[in-house]
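Novice: Handing over upload_17.tsv, TSV, C-alpha atoms.
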```tsv
chain	number	residue	atom	x	y	z
A	1	GLU	CA	2.04	-41.47	-4.89
A	2	ARG	CA	5.49	-42.84	-5.53
A	3	GLN	CA	7.11	-45.65	-3.56
A	4	TYR	CA	10.78	-46.39	-2.91
A	5	VAL	CA	12.89	-48.87	-0.97
A	6	VAL	CA	14.71	-47.41	2.04
A	7	ASP	CA	18.44	-48.07	2.32
A	8	THR	CA	18.46	-49.15	5.97
A	9	SER	CA	22.26	-49.51	5.88
A	10	HIS	CA	22.65	-45.76	5.28
A	11	PRO	CA	24.44	-44.22	8.30
A	12	ASP	CA	21.72	-41.58	8.83
A	13	TRP	CA	18.74	-43.96	8.73
A	14	GLU	CA	18.66	-45.25	12.35
A	15	THR	CA	19.29	-41.77	13.79
A	16	LEU	CA	16.55	-40.23	11.66
A	17	LYS	CA	14.06	-43.01	12.45
A	18	ALA	CA	14.61	-42.70	16.21
A	19	GLY	CA	13.35	-39.10	16.22
A	20	LEU	CA	10.24	-39.57	14.07
A	21	PRO	CA	6.64	-39.98	15.22
A	22	ALA	CA	5.56	-43.59	14.73
A	23	LYS	CA	2.34	-45.58	14.59
A	24	LYS	CA	1.80	-49.31	14.41
A	25	TYR	CA	-0.60	-50.46	11.69
A	26	VAL	CA	-2.19	-53.89	11.48
A	27	GLN	CA	-4.24	-54.03	8.31
A	28	SER	CA	-6.21	-56.45	6.19
A	29	THR	CA	-7.47	-56.06	2.66
A	30	ILE	CA	-11.08	-57.15	2.90
A	31	HIS	CA	-12.03	-56.52	-0.74
A	32	GLN	CA	-10.22	-55.76	-3.97
A	33	GLY	CA	-11.03	-55.69	-7.63
A	34	ASP	CA	-10.19	-53.66	-10.73
A	35	GLY	CA	-7.40	-51.89	-8.84
A	36	ASN	CA	-9.73	-50.79	-6.02
A	37	LYS	CA	-9.03	-51.85	-2.44
A	38	LEU	CA	-10.97	-51.73	0.80
A	39	ARG	CA	-8.82	-52.17	3.88
A	40	VAL	CA	-9.45	-52.18	7.57
A	41	ARG	CA	-6.69	-50.88	9.83
A	42	LEU	CA	-5.92	-51.05	13.52
A	43	ILE	CA	-3.70	-48.09	14.43
A	44	GLU	CA	-1.70	-47.56	17.61
A	45	ASP	CA	0.28	-44.40	18.32
A	46	LEU	CA	3.61	-45.60	19.71
A	47	LYS	CA	4.09	-42.46	21.80
A	48	THR	CA	0.66	-42.04	23.39
A	49	TRP	CA	-0.48	-45.69	23.03
A	50	GLU	CA	-3.82	-44.38	21.78
A	51	LYS	CA	-5.65	-46.91	19.61
A	52	SER	CA	-7.97	-46.26	16.69
A	53	ALA	CA	-9.30	-48.08	13.65
A	54	ALA	CA	-10.25	-47.06	10.13
A	55	PHE	CA	-11.57	-48.23	6.80
A	56	THR	CA	-9.52	-47.07	3.84
A	57	PHE	CA	-10.82	-47.22	0.30
A	58	LYS	CA	-8.51	-46.66	-2.66
A	59	VAL	CA	-10.03	-46.16	-6.08
A	60	ASP	CA	-7.53	-46.75	-8.85
A	61	VAL	CA	-7.27	-44.15	-11.57
A	62	LYS	CA	-5.35	-45.35	-14.61
A	63	SER	CA	-1.84	-43.93	-14.72
A	64	LYS	CA	1.15	-44.15	-17.01
A	65	LYS	CA	3.27	-47.30	-16.91
A	66	ASP	CA	6.26	-45.42	-15.48
A	67	GLY	CA	4.31	-42.75	-13.61
A	68	PRO	CA	3.08	-42.49	-10.04
A	69	ASN	CA	0.08	-44.42	-8.77
A	70	ILE	CA	-2.92	-42.14	-9.05
A	71	ARG	CA	-5.79	-42.98	-6.73
A	72	ASP	CA	-8.66	-41.39	-4.98
A	73	GLU	CA	-8.29	-42.32	-1.33
A	74	TYR	CA	-10.92	-42.20	1.38
A	75	GLU	CA	-10.54	-43.01	5.04
A	76	TRP	CA	-13.05	-42.99	7.85
A	77	GLU	CA	-12.78	-43.97	11.48
A	78	VAL	CA	-14.63	-47.04	12.76
A	79	PRO	CA	-14.91	-48.49	16.27
A	80	TYR	CA	-11.81	-50.53	17.15
A	81	ARG	CA	-13.85	-53.57	18.15
A	82	VAL	CA	-15.74	-53.52	14.82
A	83	ALA	CA	-12.45	-53.45	12.91
A	84	LEU	CA	-11.17	-56.44	14.91
A	85	TYR	CA	-14.25	-58.49	14.02
A	86	ILE	CA	-14.09	-57.58	10.35
A	87	MET	CA	-10.44	-58.66	10.16
A	88	ILE	CA	-11.25	-62.23	11.26
A	89	GLY	CA	-10.34	-64.63	8.48
A	90	HIS	CA	-8.34	-62.09	6.48
A	91	THR	CA	-4.56	-62.08	6.21
A	92	GLU	CA	-2.83	-59.24	8.01
A	93	VAL	CA	0.17	-57.07	7.36
A	94	THR	CA	1.84	-55.33	10.30
A	95	LYS	CA	4.10	-52.31	9.95
A	96	ILE	CA	5.45	-49.34	11.84
A	97	ARG	CA	4.80	-46.09	9.97
A	98	TYR	CA	7.07	-43.09	10.46
A	99	SER	CA	6.26	-39.62	9.14
A	100	TYR	CA	9.05	-37.31	7.98
A	101	ARG	CA	9.01	-33.83	6.48
A	102	HIS	CA	12.03	-33.44	4.20
A	103	THR	CA	14.01	-30.22	3.77
A	104	ASP	CA	11.96	-29.37	0.65
A	105	GLY	CA	8.77	-29.47	2.75
A	106	LYS	CA	7.44	-32.72	1.26
A	107	LEU	CA	5.93	-35.33	3.57
A	108	TRP	CA	7.35	-38.85	3.36
A	109	GLU	CA	5.96	-41.90	5.12
A	110	PHE	CA	8.22	-44.84	5.89
A	111	ASP	CA	6.73	-48.29	6.47
A	112	GLU	CA	8.94	-50.71	8.38
A	113	TYR	CA	7.25	-54.09	8.04
A	114	GLN	CA	7.10	-56.53	10.93
A	115	TRP	CA	7.16	-60.30	11.08
A	116	PRO	CA	6.75	-62.14	8.69
A	117	ASN	CA	7.83	-59.23	6.45
A	118	GLU	CA	10.63	-57.97	8.68
A	119	GLY	CA	13.45	-56.60	6.56
A	120	ILE	CA	11.20	-54.64	4.18
A	121	VAL	CA	11.25	-50.86	4.62
A	122	LEU	CA	9.47	-48.69	2.06
A	123	ALA	CA	9.00	-44.96	1.62
A	124	ASP	CA	5.96	-43.27	0.07
A	125	ILE	CA	5.58	-39.70	-1.01
A	126	GLU	CA	2.17	-38.30	-1.92
A	127	ILE	CA	2.33	-35.88	-4.83
A	128	LYS	CA	-0.37	-33.63	-6.24
A	129	GLU	CA	0.73	-33.60	-9.88
A	130	GLU	CA	2.02	-36.48	-11.99
A	131	ASP	CA	5.19	-34.60	-12.95
A	132	GLU	CA	5.69	-32.89	-9.58
A	133	LYS	CA	9.35	-32.41	-8.62
A	134	PHE	CA	10.71	-33.35	-5.19
A	135	GLU	CA	14.04	-34.04	-3.52
A	136	ILE	CA	14.90	-37.65	-2.83
A	137	PRO	CA	16.64	-38.08	0.56
A	138	SER	CA	20.04	-39.78	0.52
A	139	TRP	CA	18.76	-42.93	2.29
A	140	ILE	CA	16.18	-43.64	-0.40
A	141	GLY	CA	16.94	-46.43	-2.86
A	142	GLN	CA	15.18	-47.40	-6.07
A	143	GLU	CA	11.60	-46.64	-7.00
A	144	THR	CA	9.17	-49.57	-6.71
A	145	THR	CA	5.90	-47.77	-7.47
A	146	LYS	CA	4.80	-50.17	-10.21
A	147	LEU	CA	6.33	-53.42	-8.88
A	148	LYS	CA	3.48	-55.78	-7.99
A	149	LYS	CA	5.82	-57.85	-5.78
A	150	ILE	CA	6.37	-54.84	-3.48
A	151	THR	CA	2.84	-54.21	-2.20
A	152	ASN	CA	0.89	-54.81	1.00
A	153	ASN	CA	-1.25	-57.36	-0.81
A	154	SER	CA	1.74	-59.33	-2.09
A	155	PHE	CA	3.32	-59.26	1.38
A	156	SER	CA	0.15	-60.76	2.87
A	157	GLN	CA	0.08	-63.53	0.24
A	158	HIS	CA	3.84	-64.20	-0.04
A	159	PRO	CA	5.65	-62.80	3.04
A	160	PHE	CA	9.30	-61.76	2.85
A	161	SER	CA	10.24	-64.58	5.25
A	162	HIS	CA	9.11	-67.05	2.53
A	163	TRP	CA	11.04	-65.39	-0.28
A	164	SER	CA	13.81	-67.39	-1.90
A	165	THR	CA	17.46	-66.41	-1.49
A	166	GLU	CA	17.37	-64.97	-5.03
A	167	GLU	CA	14.29	-62.87	-4.24
A	168	LYS	CA	15.90	-61.50	-1.06
A	169	GLU	CA	19.12	-60.70	-2.95
A	170	TRP	CA	17.05	-58.88	-5.60
A	171	TYR	CA	15.37	-56.82	-2.85
A	172	GLU	CA	18.81	-55.89	-1.45
A	173	THR	CA	19.80	-54.48	-4.86
A	174	LEU	CA	16.81	-52.12	-4.69
A	175	LYS	CA	18.26	-50.38	-1.61
A	176	LYS	CA	20.90	-48.63	-3.72
A	177	ARG	CA	19.83	-45.93	-6.12
A	178	LYS	CA	20.97	-46.41	-9.70
```
Have the structure of the file written as structure tokens, please.

Specialist:
Amino acid sequence: ERQYVVDTSHPDWETLKAGLPAKKYVQSTIHQGDGNKLRVRLIEDLKTWEKSAAFTFKVDVKSKKDGPNIRDEYEWEVPYRVALYIMIGHTEVTKIRYSYRHTDGKLWEFDEYQWPNEGIVLADIEIKEEDEKFEIPSWIGQETTKLKKITNNSFSQHPFSHWSTEEKEWYETLKKRK
């Protein structure tokens, strides 16, 4: 997968977002080590209001310093109530996820983080091959795939609302592609 910052000031962004399917995710990382992560997620479809929950397990596979993140990912549904109990005592990250199929057929997912990370909007694209080619939409800014500061875990430990002015200005620079 590769991750990018979304340029939310782009004139097409709000129009595009309004027409996309969206789900609310509340998630906690309940275990991590050696690049592996076990998360529990509460998921709510914002059109149907249907609720579900899942465990997600990501197994890190070593990748090149400047390459995409390569991971084996597993997800399985769990009862909503069980997920709620497991999340007790763990920090949470809340985001709205939008799914978008670009003109080249590739699926992008946009995560618009909620309080206390409001202001962060990221885009992920899952790729099958490390050197796979894909079009980058015009509202996509800089790549942040390998930046440890731009991860769910870092947002749960050091939310955007607690970032310094310098950190927030740095994030703003990432919205524009070089």

Novice: Quick one: distance from atom CA of Trp163 of chain A to atom CA of Trp13 of chain A in Å, one decimal?

Specialist: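 Interatomic distance, atom CA of Trp163 of chain A to atom CA of Trp13 of chain A: 24.5 Å.
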
Novice: Measuring atom to atom with only C-alpha atoms, identify which of A:Gly19, A:Gln27, A:Asp104, A:Glu1 is nearest to Glu129 of chain A.

Specialist: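 Result for the nearest residue to Glu129 of chain A: A:Glu1.
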
Novice: Rounded to one decimal place, report the atom CA of Asn36 of chain A-atom CA of Asn153 of chain A distance in Å.

Specialist: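 Going from atom CA of Asn36 of chain A over to atom CA of Asn153 of chain A covers 11.9 Å.
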
Novice: List the spatial neighbours of Ser138 of chain A as a ChimeraX atom specification - criterion: any atom at most 9 Å away, only C-alpha atoms, same-chain residues fewer than 4 positions off excluded.

Specialist: /A:7,10,12

Novice: Atom CA of Gln114 of chain A and atom CA of Arg2 of chain A, how far apart in Å?

Specialist: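 Between atom CA of Arg2 of chain A and atom CA of Gln114 of chain A the gap is 21.5 Å.
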
Novice: Within 12 Å of (19.8, -50.9, -5.5), in the coordinates the file gives, what residues turn up when you count all atoms listed in the file, written out as a VMD selection string?

Specialist: chain A and resid 4 to 9 139 to 144 169 to 178

Novice: Restricting it to C-alpha atoms, dump the selection as an mmCIF file, in the coordinates of the input.

Specialist:
```cif
data_model
loop_
_atom_site.group_PDB
_atom_site.id
_atom_site.type_symbol
_atom_site.label_atom_id
_atom_site.label_comp_id
_atom_site.auth_asym_id
_atom_site.auth_seq_id
_atom_site.Cartn_x
_atom_site.Cartn_y
_atom_site.Cartn_z
ATOM 1 C CA TYR A 4 10.780 -46.390 -2.910
ATOM 2 C CA VAL A 5 12.890 -48.870 -0.970
ATOM 3 C CA VAL A 6 14.710 -47.410 2.040
ATOM 4 C CA ASP A 7 18.440 -48.070 2.320
ATOM 5 C CA THR A 8 18.460 -49.150 5.970
ATOM 6 C CA SER A 9 22.260 -49.510 5.880
ATOM 7 C CA TRP A 139 18.760 -42.930 2.290
ATOM 8 C CA ILE A 140 16.180 -43.640 -0.400
ATOM 9 C CA GLY A 141 16.940 -46.430 -2.860
ATOM 10 C CA GLN A 142 15.180 -47.400 -6.070
ATOM 11 C CA GLU A 143 11.600 -46.640 -7.000
ATOM 12 C CA THR A 144 9.170 -49.570 -6.710
ATOM 13 C CA GLU A 169 19.120 -60.700 -2.950
ATOM 14 C CA TRP A 170 17.050 -58.880 -5.600
ATOM 15 C CA TYR A 171 15.370 -56.820 -2.850
ATOM 16 C CA GLU A 172 18.810 -55.890 -1.450
ATOM 17 C CA THR A 173 19.800 -54.480 -4.860
ATOM 18 C CA LEU A 174 16.810 -52.120 -4.690
ATOM 19 C CA LYS A 175 18.260 -50.380 -1.610
ATOM 20 C CA LYS A 176 20.900 -48.630 -3.720
ATOM 21 C CA ARG A 177 19.830 -45.930 -6.120
ATOM 22 C CA LYS A 178 20.970 -46.410 -9.700
#
```

Novice: Here is a test: counting all atoms listed in the file, which residue of A:Lys168, A:Lys37, A:Lys24, A:His158 is nearest to Lys58 of chain A?

Specialist: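 Nearest candidate to Lys58 of chain A out of A:Lys168, A:Lys37, A:Lys24, A:His158: A:Lys37.
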
Novice: Which residues, written as a ChimeraX atom specification, have at least one atom at most 12 Å from Thr48 of chain A, with all atoms listed in the file counted and residues fewer than 2 positions away on the same chain left out?

Specialist: /A:21-24,43-46,50-52

Novice: Counting only C-alpha atoms, which residue out of A:Phe160, A:Tyr98, A:Tyr85, A:Trp76 sits closest to Lys47 of chain A?

Specialist: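 Distance minimum relative to Lys47 of chain A lands on A:Tyr98.
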
Novice: Restricting the calculation to all atoms listed in the file: of A:Gly35, A:Leu84, A:Gln3, A:Gln157, which residue gets closest to Asp72 of chain A?

Specialist: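 Ranked by minimum distance to Asp72 of chain A, first place goes to A:Gly35.
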
Novice: Taking all atoms of segment 119-137 of chain A that the file lists, what box with edges along x, y and z, padded by 8 Å per side, do you get, with centre and edge lengths in Å to one decimal, as lines of an AutoDock Vina configuration file?

Specialist:
```
center_x = 8.1
center_y = -44.5
center_z = -3.2
size_x = 33.0
size_y = 40.2
size_z = 35.5
```

Novice: Which one of A:Gln32, A:Pro11, A:Ala83, A:Lys17 sits closest to Arg97 of chain A if you count all atoms listed in the file?

Specialist: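 Of A:Gln32, A:Pro11, A:Ala83, A:Lys17, the one nearest Arg97 of chain A, counting all atoms listed in the file, is A:Lys17.
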
Novice: Here's a test: counting all atoms listed in the file, identify every protein, DNA and RNA residue with an atom at most 12 Å from (10.8, -60.6, 7.9) in the file's coordinate frame, and state them as a PyMOL selection string.

Specialist: chain A and resi 93-95+112-121+155-156+158-163+168

Novice: Show me, as a PyMOL selection string, the residues that have an atom within 12 Å of Phe134 of chain A when counting all atoms listed in the file, minus same-chain residues fewer than 3 positions from it.

Specialist: chain A and resi 1-2+101-108+125-131+137

Novice: Taking all atoms listed in the file into account, which of A:Lys149, A:Arg41, A:Asp34, A:Val78 comes nearest Asp60 of chain A?

Specialist: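 With all atoms listed in the file as the atom set, the closest residue is A:Asp34.
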